[in-house]
Number of protein chains: 2
Amino acid sequence: MTLHITNEVNATLNSLIEGGNYNAVMTLVDENTRRLVLPLLPCLSSTHVIEIAPGDDNKNLGSITHVWQEMEKCGATRNSLLINLGGGAVTDLGGFAAATFKRGISFFNVPTTLLGAVDAAVGGKTGINFNGLKNEIGAFAPAKAVIVSTTFFSTLPEQELKSGFAEMLKHAMLHSHQQFAMLLDFDFKSIDYDLLLKMLQESLQVKQRIVEQDPTEQGLRKALNFGHTVGHAFESKALGDGHPVPHGYAVAWGMVVECVLSHIILKFPSTNLYSLARFVKDNYGAFYITCDHYDQLIHLMRHDKKSHNGEINCTLLKDCGSPVINNTINEDDLKAALDIYRDLMEI
Amino acid sequence: MTLHITNEVNATLNSLIEGGNYNAVMTLVDENTRRLVLPLLPCLSSTHVIEIAPGDDNKNLGSITHVWQEMEKCGATRNSLLINLGGGAVTDLGGFAAATFKRGISFFNVPTTLLGAVDAAVGGKTGINFNGLKNEIGAFAPAKAVIVSTTFFSTLPEQELKSGFAEMLKHAMLHSHQQFAMLLDFDFKSIDYDLLLKMLQESLQVKQRIVEQDPTEQGLRKALNFGHTVGHAFESKALGDGHPVPHGYAVAWGMVVECVLSHIILKFPSTNLYSLARFVKDNYGAFYITCDHYDQLIHLMRHDKKSHNGEINCTLLKDCGSPVINNTINEDDLKAALDIYRDLMEI
């Protein structure tokens, strides 16, 4: 996988396509990226455009069947290329379609959202939702190239940017105190897109180094689950209550709880915990819970995809840059951490 | 992947299952193997049995969706196991279902036919038919273990045994003159199943060594396509004419034509060619063609999955044990080879 961090997307894509000598080039879009992004990339105008309906709800078997059929119609062979132009739903589904067409053809990811760039485009996790479960059917298959740019981000709602930024915060905390501190200084009120591109590059390098060492999540890659055990429980509770929250927001709140756990169990420095909690509260608000919700949240964590034999499994931090995977969390520590989270968030 | 060549299938399976500490074990069967083979393996009686309709026609999206749903119902996680008990259709589909469930869980293959053992169970090619095309959607994913036995073969029709034997002949010719000569001595009229198991072991070792060096068929693995460019054309013509022939038979006839090409282009020794042609004619009969069929066959070969830019691509042999991949064949040589094939087959 080659990672291209650039705002010259059209020129980069053009040279990658020409250098590849592909016998068919296809571009996967959803309705939004066909309308808003495709016209900005003239080098894709001569490719076969395949469109799916937008959103995570359409990341399903019906859509991928359509993509496979369209690839057939284009006469795609093992020497063809699929370019996925969109957010996480497009890159997840398109990556899986390419990984399984004739047992695997090349694909590029061109993420058009910050969350898509940080969370989905790099790392080789592809897949679709099935039977109401997220990413239930899929494969580990790296893109041949990922072209990341902030060009497409300026029209995104602030909520989407912040959602992606939470995953960048996670990478920073896994990497170093310096990177963490740099992100905490970021100003959402007057966004510097050049600075964002530079920070995004560092963030993706952190992820890529981890993924290369453990592509199929046998060990080290679980570090990337930091914030996600509690985060997923918040996300599922919110969905169940009929008030869904953006994925990155849930991760941000989850990281606060898991930093408290890190402090309790691994002596994670309290100064870092306070800095994170303040940044999250100021930029993401708080996820409202009372002690009456603890049992429901614990139940959700015991049934998480990462859980084994019903134990609650978290990646924690000794400090910024020192993750420890596979911590089994007991209920007392978790309840104490949720209490402290509520104090920090002032709820 | 561990390969177990043994007639103690139940004991071997039992020890592999117990050693794996799986939280759910599922067995995939078709109607035939549920009825005829499952009762011979008491260690599988406590597993969740998932059944699909038999035959290559049912190796499709509908069947795999059913398998995924049943795996959900069993509460399968990444730490679960699927055991594929059947012929090539079961191991191909089951392997793909396992490779894509939660991005990949472990699976064993227990082939119940000789063709399934030689052609499908080892090598990591999994997949389903789609849009009328064979194995169009799939993945490269090795089984965690393959248990090969001749126990289940004694009730198979002779045609099925011979079909599998043709793929063994191919492996022998790729490996050595000695292995080739040993197979030519095999007597189908009074089958020695212990000898067959020994030959099968050598045959699978040849395949495994090739696959390990090139799992995704970038180069060396194409050697395994020997006999298949012409063989697939025969198979497709027969299917189109409404008189389908077994896969292995088509490969046997295809190997004769490709040995003639090997002789013309790479000086493959004529004595080996005559030995092969006689064995094939005696055991498989001949695939009937006249010179009026040449253009149709050439068209089919130009549109083969292995073809690139419409060129006819064959693996040929300098001698037994010396394959040469990626030979581009011109029409004159091909027509000459088909002429000689007809002479050798006396048609």
# chains A, B, ... in the order shown; residues from 1 in each chain; ligands from 1
$ interface_residues --of "chain A" --to "chain B" --cutoff "10 Å" --atoms "only C-alpha atoms" --output "ChimeraX atom specification"
/A:23,61,65,68-69,72,77-79,96-104,125-128,130-131,133-141,216,305-309
$ residues_around --residues "segment 285-288 of chain A" --least-positions-apart "3" --cutoff "9 Å" --atoms "only C-alpha atoms" --output "PyMOL selection string"
chain A and resi 234+249-250+253+280-282+342+345-347
$ select_by_dssp --residues "segment 30-175 of chain A" --states "helix (DSSP H, G or I)" --output "VMD selection string"
chain A and resid 31 to 36 38 to 40 42 to 44 56 to 58 61 to 73 88 to 100 114 to 120 151 to 153 158 to 175
$ residues_around --residues "Lys170 of chain A" --least-positions-apart "4" --cutoff "10 Å" --atoms "only C-alpha atoms" --output "PDB file with N, CA and C atoms, in the first residue's frame"
ATOM      1  N   PHE A 165     -11.582  13.821  13.772  1.00  0.00           N
ATOM      2  CA  PHE A 165     -10.507  14.324  14.622  1.00  0.00           C
ATOM      3  C   PHE A 165     -10.334  13.463  15.878  1.00  0.00           C
ATOM      4  N   ALA A 166     -11.435  12.892  16.364  1.00  0.00           N
ATOM      5  CA  ALA A 166     -11.341  12.038  17.563  1.00  0.00           C
ATOM      6  C   ALA A 166     -10.438  10.834  17.299  1.00  0.00           C
ATOM      7  N   LEU A 174      -1.648   7.204  21.185  1.00  0.00           N
ATOM      8  CA  LEU A 174      -0.910   5.943  21.058  1.00  0.00           C
ATOM      9  C   LEU A 174       0.548   6.202  20.723  1.00  0.00           C
ATOM     10  N   HIS A 175       0.821   7.402  20.153  1.00  0.00           N
ATOM     11  CA  HIS A 175       2.159   7.651  19.610  1.00  0.00           C
ATOM     12  C   HIS A 175       3.087   8.417  20.548  1.00  0.00           C
ATOM     13  N   PHE A 180       0.101  14.408  20.843  1.00  0.00           N
ATOM     14  CA  PHE A 180      -1.136  14.636  21.598  1.00  0.00           C
ATOM     15  C   PHE A 180      -1.294  16.130  21.900  1.00  0.00           C
ATOM     16  N   SER A 203      -0.746  11.301  11.678  1.00  0.00           N
ATOM     17  CA  SER A 203      -1.721  10.397  12.273  1.00  0.00           C
ATOM     18  C   SER A 203      -1.790   9.083  11.490  1.00  0.00           C
ATOM     19  N   LYS A 207      -0.900   4.975  12.335  1.00  0.00           N
ATOM     20  CA  LYS A 207      -1.786   3.834  12.077  1.00  0.00           C
ATOM     21  C   LYS A 207      -1.110   2.816  11.163  1.00  0.00           C
ATOM     22  N   ALA A 223      -4.181  -2.215  19.743  1.00  0.00           N
ATOM     23  CA  ALA A 223      -3.932  -0.881  20.308  1.00  0.00           C
ATOM     24  C   ALA A 223      -4.896   0.133  19.710  1.00  0.00           C
ATOM     25  N   LEU A 224      -5.240  -0.058  18.410  1.00  0.00           N
ATOM     26  CA  LEU A 224      -6.140   0.879  17.732  1.00  0.00           C
ATOM     27  C   LEU A 224      -7.557   0.833  18.291  1.00  0.00           C
ATOM     28  N   ASN A 225      -7.841  -0.145  19.143  1.00  0.00           N
ATOM     29  CA  ASN A 225      -9.165  -0.211  19.769  1.00  0.00           C
ATOM     30  C   ASN A 225      -9.274   0.706  20.982  1.00  0.00           C
ATOM     31  N   PHE A 226      -8.204   1.409  21.330  1.00  0.00           N
ATOM     32  CA  PHE A 226      -8.251   2.327  22.467  1.00  0.00           C
ATOM     33  C   PHE A 226      -9.462   3.269  22.320  1.00  0.00           C
ATOM     34  N   GLY A 227     -10.229   3.395  23.387  1.00  0.00           N
ATOM     35  CA  GLY A 227     -11.415   4.254  23.377  1.00  0.00           C
ATOM     36  C   GLY A 227     -12.658   3.580  22.824  1.00  0.00           C
ATOM     37  N   HIS A 228     -12.486   2.430  22.178  1.00  0.00           N
ATOM     38  CA  HIS A 228     -13.595   1.851  21.419  1.00  0.00           C
ATOM     39  C   HIS A 228     -14.465   0.877  22.214  1.00  0.00           C
ATOM     40  N   VAL A 251     -16.237   7.749  20.392  1.00  0.00           N
ATOM     41  CA  VAL A 251     -14.850   7.374  20.672  1.00  0.00           C
ATOM     42  C   VAL A 251     -14.202   8.400  21.604  1.00  0.00           C
ATOM     43  N   ALA A 252     -14.480   9.681  21.367  1.00  0.00           N
ATOM     44  CA  ALA A 252     -13.905  10.729  22.224  1.00  0.00           C
ATOM     45  C   ALA A 252     -14.338  10.523  23.677  1.00  0.00           C
ATOM     46  N   MET A 255     -12.719   7.440  25.086  1.00  0.00           N
ATOM     47  CA  MET A 255     -11.307   7.621  25.447  1.00  0.00           C
ATOM     48  C   MET A 255     -11.176   8.249  26.826  1.00  0.00           C
ATOM     49  N   CYS A 320       1.005   8.481  27.263  1.00  0.00           N
ATOM     50  CA  CYS A 320       0.924   8.702  25.831  1.00  0.00           C
ATOM     51  C   CYS A 320       2.116   7.986  25.184  1.00  0.00           C
TER      52      CYS A 320
END
$ closest_residue --among "B:Ser45, B:Asn129, B:Thr150, B:Asn272" --to "Gln201 of chain B" --atoms "only C-alpha atoms"
B:Thr150
$ residues_around --residues "Ala89 of chain B" --least-positions-apart "2" --cutoff "9 Å" --atoms "only C-alpha atoms" --output "VMD selection string"
chain B and resid 54 to 59 86 to 87 91 to 94 116 120 127 to 128
$ select_by_dssp --residues "segment 102-311 of chain A" --states "strand (DSSP E)" --output "list in words"
Ser106, Phe107, Phe108, Asn109, Val110, Pro111, Lys125, Thr126, Gly127, Ile128, Asn129, Phe130, Leu133, Lys134, Asn135, Glu136, Ile137, Gly138, Ala139, Phe140, Ala145, Val146, Ile147 and Val148 of chain A
$ write_last_selection --atoms "C-alpha atoms" --output "short mmCIF file (atom, residue, chain, number, x, y, z; two decimals), in the first residue's frame"
data_model
loop_
_atom_site.label_atom_id
_atom_site.label_comp_id
_atom_site.auth_asym_id
_atom_site.auth_seq_id
_atom_site.Cartn_x
_atom_site.Cartn_y
_atom_site.Cartn_z
CA SER A 106 -6.48 -3.76 -7.23
CA PHE A 107 -8.28 -0.84 -5.62
CA PHE A 108 -7.44 2.72 -4.59
CA ASN A 109 -9.17 4.62 -1.79
CA VAL A 110 -9.79 8.35 -2.12
CA PRO A 111 -11.54 9.26 1.14
CA LYS A 125 -10.40 -3.54 6.90
CA THR A 126 -13.13 -3.93 4.27
CA GLY A 127 -16.68 -5.19 4.56
CA ILE A 128 -20.42 -4.77 4.63
CA ASN A 129 -23.14 -4.84 7.26
CA PHE A 130 -25.16 -8.06 7.43
CA LEU A 133 -24.58 -6.18 12.38
CA LYS A 134 -21.88 -3.71 11.38
CA ASN A 135 -19.00 -4.98 9.20
CA GLU A 136 -20.14 -8.55 9.83
CA ILE A 137 -19.00 -9.83 6.43
CA GLY A 138 -15.67 -8.65 5.07
CA ALA A 139 -11.99 -9.24 4.53
CA PHE A 140 -8.59 -7.84 5.38
CA ALA A 145 -2.88 3.21 -2.98
CA VAL A 146 -4.65 5.65 -0.67
CA ILE A 147 -4.78 9.31 -1.69
CA VAL A 148 -5.58 11.54 1.25
#
$ decode --residues "segment 300-314 of chain B" --atoms "all heavy atoms" --output "compact mmCIF listing (two decimals), in the first residue's frame"
# COMPACT_ATOMS: atom_id res chain seq x y z
N LEU B 300 -12.80 -19.55 -27.39
CA LEU B 300 -12.96 -19.82 -25.95
C LEU B 300 -11.64 -19.60 -25.20
O LEU B 300 -11.62 -19.03 -24.11
CB LEU B 300 -13.47 -21.25 -25.72
CG LEU B 300 -14.94 -21.49 -26.08
CD1 LEU B 300 -15.24 -22.99 -26.18
CD2 LEU B 300 -15.86 -20.84 -25.04
N MET B 301 -10.54 -20.03 -25.79
CA MET B 301 -9.24 -19.88 -25.10
C MET B 301 -8.82 -18.41 -25.01
O MET B 301 -8.20 -18.01 -24.03
CB MET B 301 -8.16 -20.66 -25.86
CG MET B 301 -8.32 -22.16 -25.72
SD MET B 301 -7.04 -23.04 -26.65
CE MET B 301 -8.02 -24.38 -27.34
N ARG B 302 -9.18 -17.64 -26.02
CA ARG B 302 -8.84 -16.20 -25.97
C ARG B 302 -9.62 -15.48 -24.87
O ARG B 302 -9.23 -14.41 -24.42
CB ARG B 302 -9.15 -15.52 -27.32
CG ARG B 302 -8.22 -15.89 -28.44
CD ARG B 302 -8.33 -14.89 -29.60
NE ARG B 302 -7.61 -15.35 -30.78
CZ ARG B 302 -6.29 -15.32 -30.91
NH1 ARG B 302 -5.53 -14.83 -29.93
NH2 ARG B 302 -5.71 -15.75 -32.00
N HIS B 303 -10.76 -16.03 -24.47
CA HIS B 303 -11.58 -15.39 -23.44
C HIS B 303 -11.51 -16.09 -22.09
O HIS B 303 -12.32 -15.87 -21.21
CB HIS B 303 -13.04 -15.29 -23.92
CG HIS B 303 -13.19 -14.31 -25.03
ND1 HIS B 303 -12.87 -14.62 -26.34
CD2 HIS B 303 -13.53 -13.01 -25.04
CE1 HIS B 303 -13.06 -13.56 -27.10
NE2 HIS B 303 -13.46 -12.56 -26.33
N ASP B 304 -10.50 -16.94 -21.94
CA ASP B 304 -10.28 -17.64 -20.67
C ASP B 304 -9.89 -16.62 -19.58
O ASP B 304 -9.33 -15.57 -19.87
CB ASP B 304 -9.14 -18.64 -20.89
CG ASP B 304 -8.95 -19.57 -19.73
OD1 ASP B 304 -8.21 -19.20 -18.78
OD2 ASP B 304 -9.54 -20.65 -19.76
N LYS B 305 -10.20 -16.97 -18.29
CA LYS B 305 -9.85 -16.08 -17.18
C LYS B 305 -8.34 -15.80 -17.14
O LYS B 305 -7.88 -14.76 -16.70
CB LYS B 305 -10.28 -16.74 -15.86
CG LYS B 305 -10.66 -15.76 -14.76
CD LYS B 305 -10.80 -16.44 -13.41
CE LYS B 305 -12.08 -17.26 -13.31
NZ LYS B 305 -12.35 -17.70 -11.91
N LYS B 306 -7.54 -16.78 -17.59
CA LYS B 306 -6.07 -16.65 -17.55
C LYS B 306 -5.52 -15.83 -18.71
O LYS B 306 -4.35 -15.47 -18.74
CB LYS B 306 -5.42 -18.04 -17.58
CG LYS B 306 -5.81 -18.93 -16.42
CD LYS B 306 -5.20 -20.32 -16.52
CE LYS B 306 -5.83 -21.21 -17.58
NZ LYS B 306 -7.25 -21.52 -17.36
N SER B 307 -6.40 -15.56 -19.71
CA SER B 307 -5.95 -14.83 -20.89
C SER B 307 -5.78 -13.35 -20.58
O SER B 307 -6.47 -12.77 -19.76
CB SER B 307 -6.99 -15.02 -22.00
OG SER B 307 -6.88 -14.00 -22.95
N HIS B 308 -4.82 -12.72 -21.26
CA HIS B 308 -4.58 -11.29 -21.07
C HIS B 308 -4.53 -10.65 -22.46
O HIS B 308 -3.78 -11.11 -23.33
CB HIS B 308 -3.26 -11.10 -20.32
CG HIS B 308 -2.95 -9.67 -20.01
ND1 HIS B 308 -3.86 -8.83 -19.43
CD2 HIS B 308 -1.83 -8.94 -20.22
CE1 HIS B 308 -3.31 -7.63 -19.28
NE2 HIS B 308 -2.09 -7.67 -19.75
N ASN B 309 -5.34 -9.63 -22.67
CA ASN B 309 -5.41 -8.96 -23.97
C ASN B 309 -5.72 -9.92 -25.11
O ASN B 309 -5.23 -9.77 -26.24
CB ASN B 309 -4.09 -8.23 -24.28
CG ASN B 309 -3.87 -7.06 -23.34
OD1 ASN B 309 -4.84 -6.45 -22.89
ND2 ASN B 309 -2.61 -6.76 -23.05
N GLY B 310 -6.53 -10.94 -24.84
CA GLY B 310 -6.96 -11.84 -25.90
C GLY B 310 -5.91 -12.82 -26.40
O GLY B 310 -6.15 -13.55 -27.36
N GLU B 311 -4.75 -12.85 -25.74
CA GLU B 311 -3.74 -13.83 -26.14
C GLU B 311 -4.00 -15.17 -25.46
O GLU B 311 -4.50 -15.21 -24.34
CB GLU B 311 -2.33 -13.33 -25.76
CG GLU B 311 -1.90 -12.15 -26.60
CD GLU B 311 -0.51 -11.64 -26.21
OE1 GLU B 311 -0.09 -11.88 -25.07
OE2 GLU B 311 0.13 -11.00 -27.07
N ILE B 312 -3.62 -16.26 -26.15
CA ILE B 312 -3.80 -17.57 -25.55
C ILE B 312 -2.57 -17.90 -24.71
O ILE B 312 -1.45 -17.92 -25.21
CB ILE B 312 -4.03 -18.64 -26.64
CG1 ILE B 312 -5.32 -18.32 -27.40
CG2 ILE B 312 -4.09 -20.03 -26.02
CD1 ILE B 312 -5.53 -19.18 -28.63
N ASN B 313 -2.81 -18.13 -23.42
CA ASN B 313 -1.72 -18.33 -22.47
C ASN B 313 -1.75 -19.75 -21.93
O ASN B 313 -2.79 -20.20 -21.45
CB ASN B 313 -1.89 -17.30 -21.33
CG ASN B 313 -0.76 -17.34 -20.34
OD1 ASN B 313 -0.56 -18.34 -19.63
ND2 ASN B 313 0.01 -16.27 -20.28
N CYS B 314 -0.63 -20.46 -22.05
CA CYS B 314 -0.55 -21.83 -21.54
C CYS B 314 0.69 -22.03 -20.69
O CYS B 314 1.74 -21.44 -20.96
CB CYS B 314 -0.43 -22.83 -22.70
SG CYS B 314 -1.96 -23.20 -23.55
